[in-house]
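Since the structure comes first, as structure tokens, the remarks are kept for the end.
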Amino acid sequence: MDLLQKIRTIPTEPGVYLYKNAEGEVIYVGKAKNLRSRVASYFHEGRWEDSKTGTLVREAVDVDYIVVRNNKEALALENNLIKQRKPRFNILLRDDKTYPYVKLTLGERWPRVYVTRRLRKDGSAYYGPYFPANLAYRIVDLIHRNFLIPSCKVDLTRFHPRPCLQYYIKRCLGPCVQDLTTPETYQEAVRDVKLFLEGRPTDLARSLQQRMEQAAVAQEYERAARYRDLISTVEQLQERQRIAAAEGDDADVFGYHYENGMLAVNLFHMRGGRVVDRREFFWEDLPEINTDPVQAADLDIDHVPAAAPSATSEQAPGFPGEQSSLVASICAEGELGSQAALATDSRVAAHDFSPGDFFSALLKQLYIGQPYVPRNLYVPVDFEDRSILEDLLSEQLAGSDPRAARVHILVPQRGDKRALIDLAGTNAKQSYDQRFRVLNPNAKAIQEELQEVLSLPELPKRIECFDISHIQGAETVASMVVWEDGKMKKSDYRKFIIRTVQGVDDFASMREVVTRRYKRLLQEEKPMPSLVLIDGGLGQLHAAAEALEALEIINQPLAAIAKREEILYVYGQEKDPVALDHHSPVLHLIQLIRDEAHRFAVTFHRKRRQMRDRSTELLEIPGVGESTTRRLLEHFGSLQAVRQADASALSAVVTRVQAEAISNHFRK
């Protein structure tokens with residue numbers, strides 16, 4: 001049965017359709033109220049004039065469909081299939097790492113708290129998302145200070161001889177060393193952290209009050225004082241959260257700028273009535289998208305998190321209204337600097353770009369299936385599926401929390417809300433200029449983004465990068481280059497000759513060079529770098545980590561950049577590799593450092609190999625050994641210079657007998 005015949009057999013019910021190419025690959029996913037009518041519309045006269053539709057129809061050789069009960073089910077299924085199949089004729093909103101979550105590893109014997117950007121079904125509890133991104137790190141830091149639950153990468157499946165610095169500065173209970181804590185005490189702290197992150201301050205305060213009284217009765221006054229301090233912290237945070245909640249609702253505001261086939265979108269996150277974060281999205285080589293039944297664009301999405309202003313935090317998902325997470329109030333107050341709320345020229349003619357179709361596809365992928373959706377979504381244009389998407393998102397939130405308020409997708413035409421959309425549009429224009437007109441990014445902004453992307457505890461000031469170079473295991477060498485305060489610091493470059501490894505073993509070579517470097521650093525009592533960067537993949541990353549652990553250096557930021565894929569692996573988060581946008585200044589910086597390490601290593605290896613090759617003929621001369629050869633080459637610089645030197649010149653480096661032997665050898 002050919003494609004047109006198959007289309008005639010498609011039912012007229014709502015559902016999802018999937019176009020496939022000759023290889024059986026899904027190239028487009030769409031949804032429809034009437035499947036047969038929608039699929040057949042692609043072959044109507046005049047539709048092939050649209051470049052995207054024409055290409056799609058020419059490549060499609062088959063169509064599958066899934067019938068559902070209503071339009072809301074079709075919306076949800078379409079979104080899931082797009083994320084699973086990643087068809088190239090749909091908007092592909094990657095599973096980006098913009099939203100940070102706090103992860104409590106309940107599946108471990110000694111649970112820990114981490115900041116992560118990807119949710120997994122691994123038995124852990126996830127809390128968030130948090131805006132701005134650094135709020136999640138401040139929450140984890142607060143947990144360290146008050147509940148003493150660690151987030152280190154130490155192997156807690158076995159005991160270690162002594163604890164790390166975090167224990168001594170009273171930010172960890174010390175589960176890594178036997179008898180420093182008990183499972184009961186540790187689980188009690190984990191339960192408190194869970195109540196804290198779940199936004200249950202009343203229950204947490206009541207539990208702490210009971211334990212404080214019990215400790216006081218047992219005359220354990222130091223423990224009672226610690227519970228008293230925790231109660232005070234919880235009450236302060238709860239009061240600040242009440243203030244933030246009274247200031248306004250949560251909302252996401254969209255603005256865009258379209259020009260020359262390229263699109264920039266800004267998304268403002270408003271929490272408690274304040275702008276707390278901003279996200280940027282970009283599309284390049286955007287094709288013409290006509291207003292037609294097809295509701296997805298032929299484009300790929302790139303995402304870059306924007307530097308957010310300091311502001312109040314968002315409410316954590318699943319805790320709406322008065323029960324919103326008290327951790328949201330940790331963030332200091334502040335607002336985005338005022339900007340002229342003027343309408344931009346981003347609204348263009350419908351024949352060039354269909355904003356309605358675009359925002360329909362974008363909102364579905366941004367919010368369907370997410371654990372938290374703000375109460376209001378402000379978009380610049382209306383679209384066909386708006387009411388259906390409102391119902392679906394409202395039901396989605398009600399399923400996780402019956403107390404959740406209904407989601408509203410609004411298209412303001414005037415007033416303060418329209419001014420917010422215009423402000424987002426103005427910022428989208430600035431983002432467009434910076435991205436597509438190649439403005440030089442601010443150095444500090446790059447450092448801040450690097451800190452966020454790699455989850456670094458502080459702003460990166462010094463990066464040391466290592467690379468290994470050899471040819472089939474011969475003349476294996478390593479290099480270390482240094483980036484410090486925005487530029488390469490060549491005076492701190494180091495070269496290493498690998499001495500303990502025979503043959504081809506990059507992992508062992510990396511282990512040796514990292515051990516030698518940081519063992520010396522410890523002996524000289526010099527500070528560790530902000531980041532240790534490895535040129536290689538997971539194998540080299542783990543080899544470097546083993547070397548640091550053997551030196552008892554823990555919590556050292558460590559990452560690797562894999563060749564070809566240009567994917568970043570952060571130690572401790574290897575399952576969540578960071579795939580940066582190829583236009584990202586952060587990726588460019590890391591590539592610059594990596595390429596410099598590679599250049600330095602290859603240059604040193606080539607020099608070593610040339611020395612080896614040039615020494616071969618000299619070693620054939622009777623009475624000339626390796627040390628003599630090395631002295632000659634270092635003195636004269638090349639084999640050709642040694643060949644041209646007479647006996648008297650050679651005598652300045654070697655004995656008279658050796659000089660005559662060398663001179664006679666080359667004369668013959």
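Residue numbers start at 1 in each chain; chains themselves are named A, B, ... in the order of the structure tokens; ligands are numbered from 1 in the order shown.
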
Could you make a table, as a tab-separated table, of the residues of range 116-190 of chain A that have an atom within 10 Å of an atom of range 215-233 of chain A, each with its nearest atom pair and distance in Å to one decimal, counting only C-alpha atoms, in chain and number order?
```
residue	atom	partner	partner_atom	distance
A:Leu142	CA	A:Thr233	CA	9.9
A:Asn146	CA	A:Leu230	CA	6.7
A:Phe147	CA	A:Leu230	CA	8.3
```

Enumerate, as JSON, numbers by chain, the complete set of residues in range 554-667 of chain A that a backbone-based DSSP assignment places in strand (DSSP E or B).
-> {"A": [558, 559, 560, 561, 568, 569, 570, 578]}

Selected residues, N, CA and C atoms, written as an mmCIF file, in the first residue's frame, please.
```cif
data_model
loop_
_atom_site.group_PDB
_atom_site.id
_atom_site.type_symbol
_atom_site.label_atom_id
_atom_site.label_comp_id
_atom_site.auth_asym_id
_atom_site.auth_seq_id
_atom_site.Cartn_x
_atom_site.Cartn_y
_atom_site.Cartn_z
ATOM 1 N N LEU A 558 36.909 18.750 39.092
ATOM 2 C CA LEU A 558 37.631 17.987 38.077
ATOM 3 C C LEU A 558 36.683 17.721 36.919
ATOM 4 N N ALA A 559 37.137 17.973 35.699
ATOM 5 C CA ALA A 559 36.297 17.769 34.521
ATOM 6 C C ALA A 559 37.170 17.326 33.356
ATOM 7 N N ALA A 560 36.531 16.736 32.365
ATOM 8 C CA ALA A 560 37.235 16.305 31.149
ATOM 9 C C ALA A 560 36.412 16.719 29.945
ATOM 10 N N ILE A 561 37.090 17.032 28.858
ATOM 11 C CA ILE A 561 36.401 17.355 27.605
ATOM 12 C C ILE A 561 36.769 16.302 26.578
ATOM 13 N N LEU A 568 31.452 17.712 27.883
ATOM 14 C CA LEU A 568 32.155 17.881 29.153
ATOM 15 C C LEU A 568 31.634 16.875 30.175
ATOM 16 N N TYR A 569 32.555 16.156 30.799
ATOM 17 C CA TYR A 569 32.217 15.248 31.883
ATOM 18 C C TYR A 569 32.734 15.849 33.183
ATOM 19 N N VAL A 570 31.838 16.058 34.133
ATOM 20 C CA VAL A 570 32.205 16.598 35.442
ATOM 21 C C VAL A 570 32.293 15.435 36.412
ATOM 22 N N VAL A 578 27.758 17.379 30.064
ATOM 23 C CA VAL A 578 27.330 18.728 29.678
ATOM 24 C C VAL A 578 27.626 18.922 28.198
#
```

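Here the residues within range 79-152 of chain A that DSSP labels helix (DSSP H, G or I) on the basis of the backbone are A:Asn79, A:Asn80, A:Leu81, A:Ile82, A:Lys83, A:Gln84, A:Arg85, A:Asn134, A:Leu135, A:Ala136, A:Tyr137, A:Arg138, A:Ile139, A:Val140, A:Asp141, A:Leu142, A:Ile143, A:His144, A:Arg145, A:Asn146, A:Phe147.
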
Go through A:Phe666, A:Ser469, A:Thr182, A:Gln434 one by one, measure the shortest atom-to-atom distance of each to Lys607 in chain A using only C-alpha atoms, and give the residue with the smallest value.
-> A:Ser469

Within 8 Å of Tyr114 in chain A, counting only C-alpha atoms, which residues qualify if same-chain residues fewer than 4 places away don't, as a PyMOL selection string?
-> chain A and resi 102-104+140+151

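Reported to one decimal place, the separation of CA of Gln396 in chain A from CA of Tyr372 in chain A is 9.2 Å.
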
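Note that CA of Asp62 in chain A and CA of Asn21 in chain A are 6.7 Å apart.
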
Residues at most 9 Å from Phe268 in chain A, counting only C-alpha atoms, excluding those fewer than 2 positions away in the same chain, as a ChimeraX atom specification?
-> /A:251-255,266,270,275-279,420,424

Written selection (N, CA and C atoms) as a PDB file, in the first residue's frame:
```pdb
ATOM      1  N   ALA A 251       4.921  33.683  37.557  1.00  0.00           N
ATOM      2  CA  ALA A 251       4.592  33.798  36.138  1.00  0.00           C
ATOM      3  C   ALA A 251       5.858  33.619  35.313  1.00  0.00           C
ATOM      4  N   ASP A 252       5.689  33.132  34.089  1.00  0.00           N
ATOM      5  CA  ASP A 252       6.746  33.097  33.084  1.00  0.00           C
ATOM      6  C   ASP A 252       6.330  34.021  31.941  1.00  0.00           C
ATOM      7  N   VAL A 253       7.241  34.890  31.523  1.00  0.00           N
ATOM      8  CA  VAL A 253       6.943  35.907  30.507  1.00  0.00           C
ATOM      9  C   VAL A 253       7.846  35.684  29.298  1.00  0.00           C
ATOM     10  N   PHE A 254       7.256  35.643  28.103  1.00  0.00           N
ATOM     11  CA  PHE A 254       8.002  35.375  26.876  1.00  0.00           C
ATOM     12  C   PHE A 254       8.069  36.619  25.996  1.00  0.00           C
ATOM     13  N   GLY A 255       9.215  36.822  25.384  1.00  0.00           N
ATOM     14  CA  GLY A 255       9.387  37.837  24.358  1.00  0.00           C
ATOM     15  C   GLY A 255      10.316  37.293  23.292  1.00  0.00           C
ATOM     16  N   ASN A 266      13.467  35.326  24.742  1.00  0.00           N
ATOM     17  CA  ASN A 266      13.798  35.527  26.151  1.00  0.00           C
ATOM     18  C   ASN A 266      12.627  35.069  27.005  1.00  0.00           C
ATOM     19  N   MET A 270       9.261  35.002  36.801  1.00  0.00           N
ATOM     20  CA  MET A 270       8.826  35.885  37.883  1.00  0.00           C
ATOM     21  C   MET A 270       8.311  35.032  39.037  1.00  0.00           C
ATOM     22  N   VAL A 275      11.174  39.522  38.973  1.00  0.00           N
ATOM     23  CA  VAL A 275      11.949  38.782  37.978  1.00  0.00           C
ATOM     24  C   VAL A 275      13.171  38.199  38.679  1.00  0.00           C
ATOM     25  N   VAL A 276      13.290  36.883  38.673  1.00  0.00           N
ATOM     26  CA  VAL A 276      14.386  36.239  39.393  1.00  0.00           C
ATOM     27  C   VAL A 276      15.398  35.568  38.469  1.00  0.00           C
ATOM     28  N   ASP A 277      15.028  35.353  37.209  1.00  0.00           N
ATOM     29  CA  ASP A 277      15.972  34.708  36.296  1.00  0.00           C
ATOM     30  C   ASP A 277      15.520  34.959  34.867  1.00  0.00           C
ATOM     31  N   ARG A 278      16.460  34.768  33.958  1.00  0.00           N
ATOM     32  CA  ARG A 278      16.175  34.963  32.537  1.00  0.00           C
ATOM     33  C   ARG A 278      16.843  33.848  31.750  1.00  0.00           C
ATOM     34  N   ARG A 279      16.129  33.306  30.787  1.00  0.00           N
ATOM     35  CA  ARG A 279      16.689  32.280  29.908  1.00  0.00           C
ATOM     36  C   ARG A 279      16.657  32.777  28.473  1.00  0.00           C
ATOM     37  N   LEU A 420       5.452  43.913  30.451  1.00  0.00           N
ATOM     38  CA  LEU A 420       6.409  42.845  30.765  1.00  0.00           C
ATOM     39  C   LEU A 420       6.812  42.084  29.504  1.00  0.00           C
ATOM     40  N   ALA A 424      10.505  41.790  27.811  1.00  0.00           N
ATOM     41  CA  ALA A 424      11.148  40.543  27.393  1.00  0.00           C
ATOM     42  C   ALA A 424      11.551  40.612  25.926  1.00  0.00           C
TER      43      ALA A 424
END
```

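Rounded to one decimal, CA of Asp505 in chain A and CA of His470 in chain A lie 10.0 Å from each other.
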
Selection: 9 Å around Ala508 in chain A, only C-alpha atoms, excl. self and same-chain fewer than 5 positions, as a PyMOL selection string = chain A and resi 500-501+513+540+543

Keeping only all heavy atoms, take the residues you just selected and write them out as a PDB file, in the first residue's frame.
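And here's part.pdb as it stands now:
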```
ATOM      1  N   THR A 500      56.943   5.819  34.434  1.00  0.00           N
ATOM      2  CA  THR A 500      56.546   4.541  35.041  1.00  0.00           C
ATOM      3  C   THR A 500      55.654   3.700  34.146  1.00  0.00           C
ATOM      4  O   THR A 500      55.234   2.617  34.538  1.00  0.00           O
ATOM      5  CB  THR A 500      55.794   4.808  36.355  1.00  0.00           C
ATOM      6  OG1 THR A 500      54.584   5.532  36.078  1.00  0.00           O
ATOM      7  CG2 THR A 500      56.654   5.597  37.320  1.00  0.00           C
ATOM      8  N   VAL A 501      55.345   4.169  32.948  1.00  0.00           N
ATOM      9  CA  VAL A 501      54.389   3.479  32.079  1.00  0.00           C
ATOM     10  C   VAL A 501      55.110   2.964  30.846  1.00  0.00           C
ATOM     11  O   VAL A 501      55.848   3.704  30.188  1.00  0.00           O
ATOM     12  CB  VAL A 501      53.239   4.421  31.669  1.00  0.00           C
ATOM     13  CG1 VAL A 501      52.256   3.689  30.767  1.00  0.00           C
ATOM     14  CG2 VAL A 501      52.539   4.974  32.903  1.00  0.00           C
ATOM     15  N   VAL A 513      51.029  11.638  35.867  1.00  0.00           N
ATOM     16  CA  VAL A 513      51.329  13.068  35.764  1.00  0.00           C
ATOM     17  C   VAL A 513      50.512  13.874  36.773  1.00  0.00           C
ATOM     18  O   VAL A 513      51.008  14.832  37.379  1.00  0.00           O
ATOM     19  CB  VAL A 513      51.098  13.562  34.323  1.00  0.00           C
ATOM     20  CG1 VAL A 513      49.635  13.556  33.950  1.00  0.00           C
ATOM     21  CG2 VAL A 513      51.654  14.965  34.140  1.00  0.00           C
ATOM     22  N   GLN A 540      40.253   8.826  31.188  1.00  0.00           N
ATOM     23  CA  GLN A 540      41.255   9.774  31.690  1.00  0.00           C
ATOM     24  C   GLN A 540      40.734  10.530  32.912  1.00  0.00           C
ATOM     25  O   GLN A 540      41.483  10.816  33.842  1.00  0.00           O
ATOM     26  CB  GLN A 540      41.633  10.773  30.590  1.00  0.00           C
ATOM     27  CG  GLN A 540      42.522  10.189  29.508  1.00  0.00           C
ATOM     28  CD  GLN A 540      41.728   9.600  28.365  1.00  0.00           C
ATOM     29  OE1 GLN A 540      40.552   9.275  28.509  1.00  0.00           O
ATOM     30  NE2 GLN A 540      42.370   9.435  27.214  1.00  0.00           N
ATOM     31  N   ALA A 543      41.016   8.247  35.892  1.00  0.00           N
ATOM     32  CA  ALA A 543      42.421   8.067  36.255  1.00  0.00           C
ATOM     33  C   ALA A 543      42.928   9.266  37.053  1.00  0.00           C
ATOM     34  O   ALA A 543      43.627   9.111  38.063  1.00  0.00           O
ATOM     35  CB  ALA A 543      43.267   7.874  34.989  1.00  0.00           C
TER      36      ALA A 543
END
```
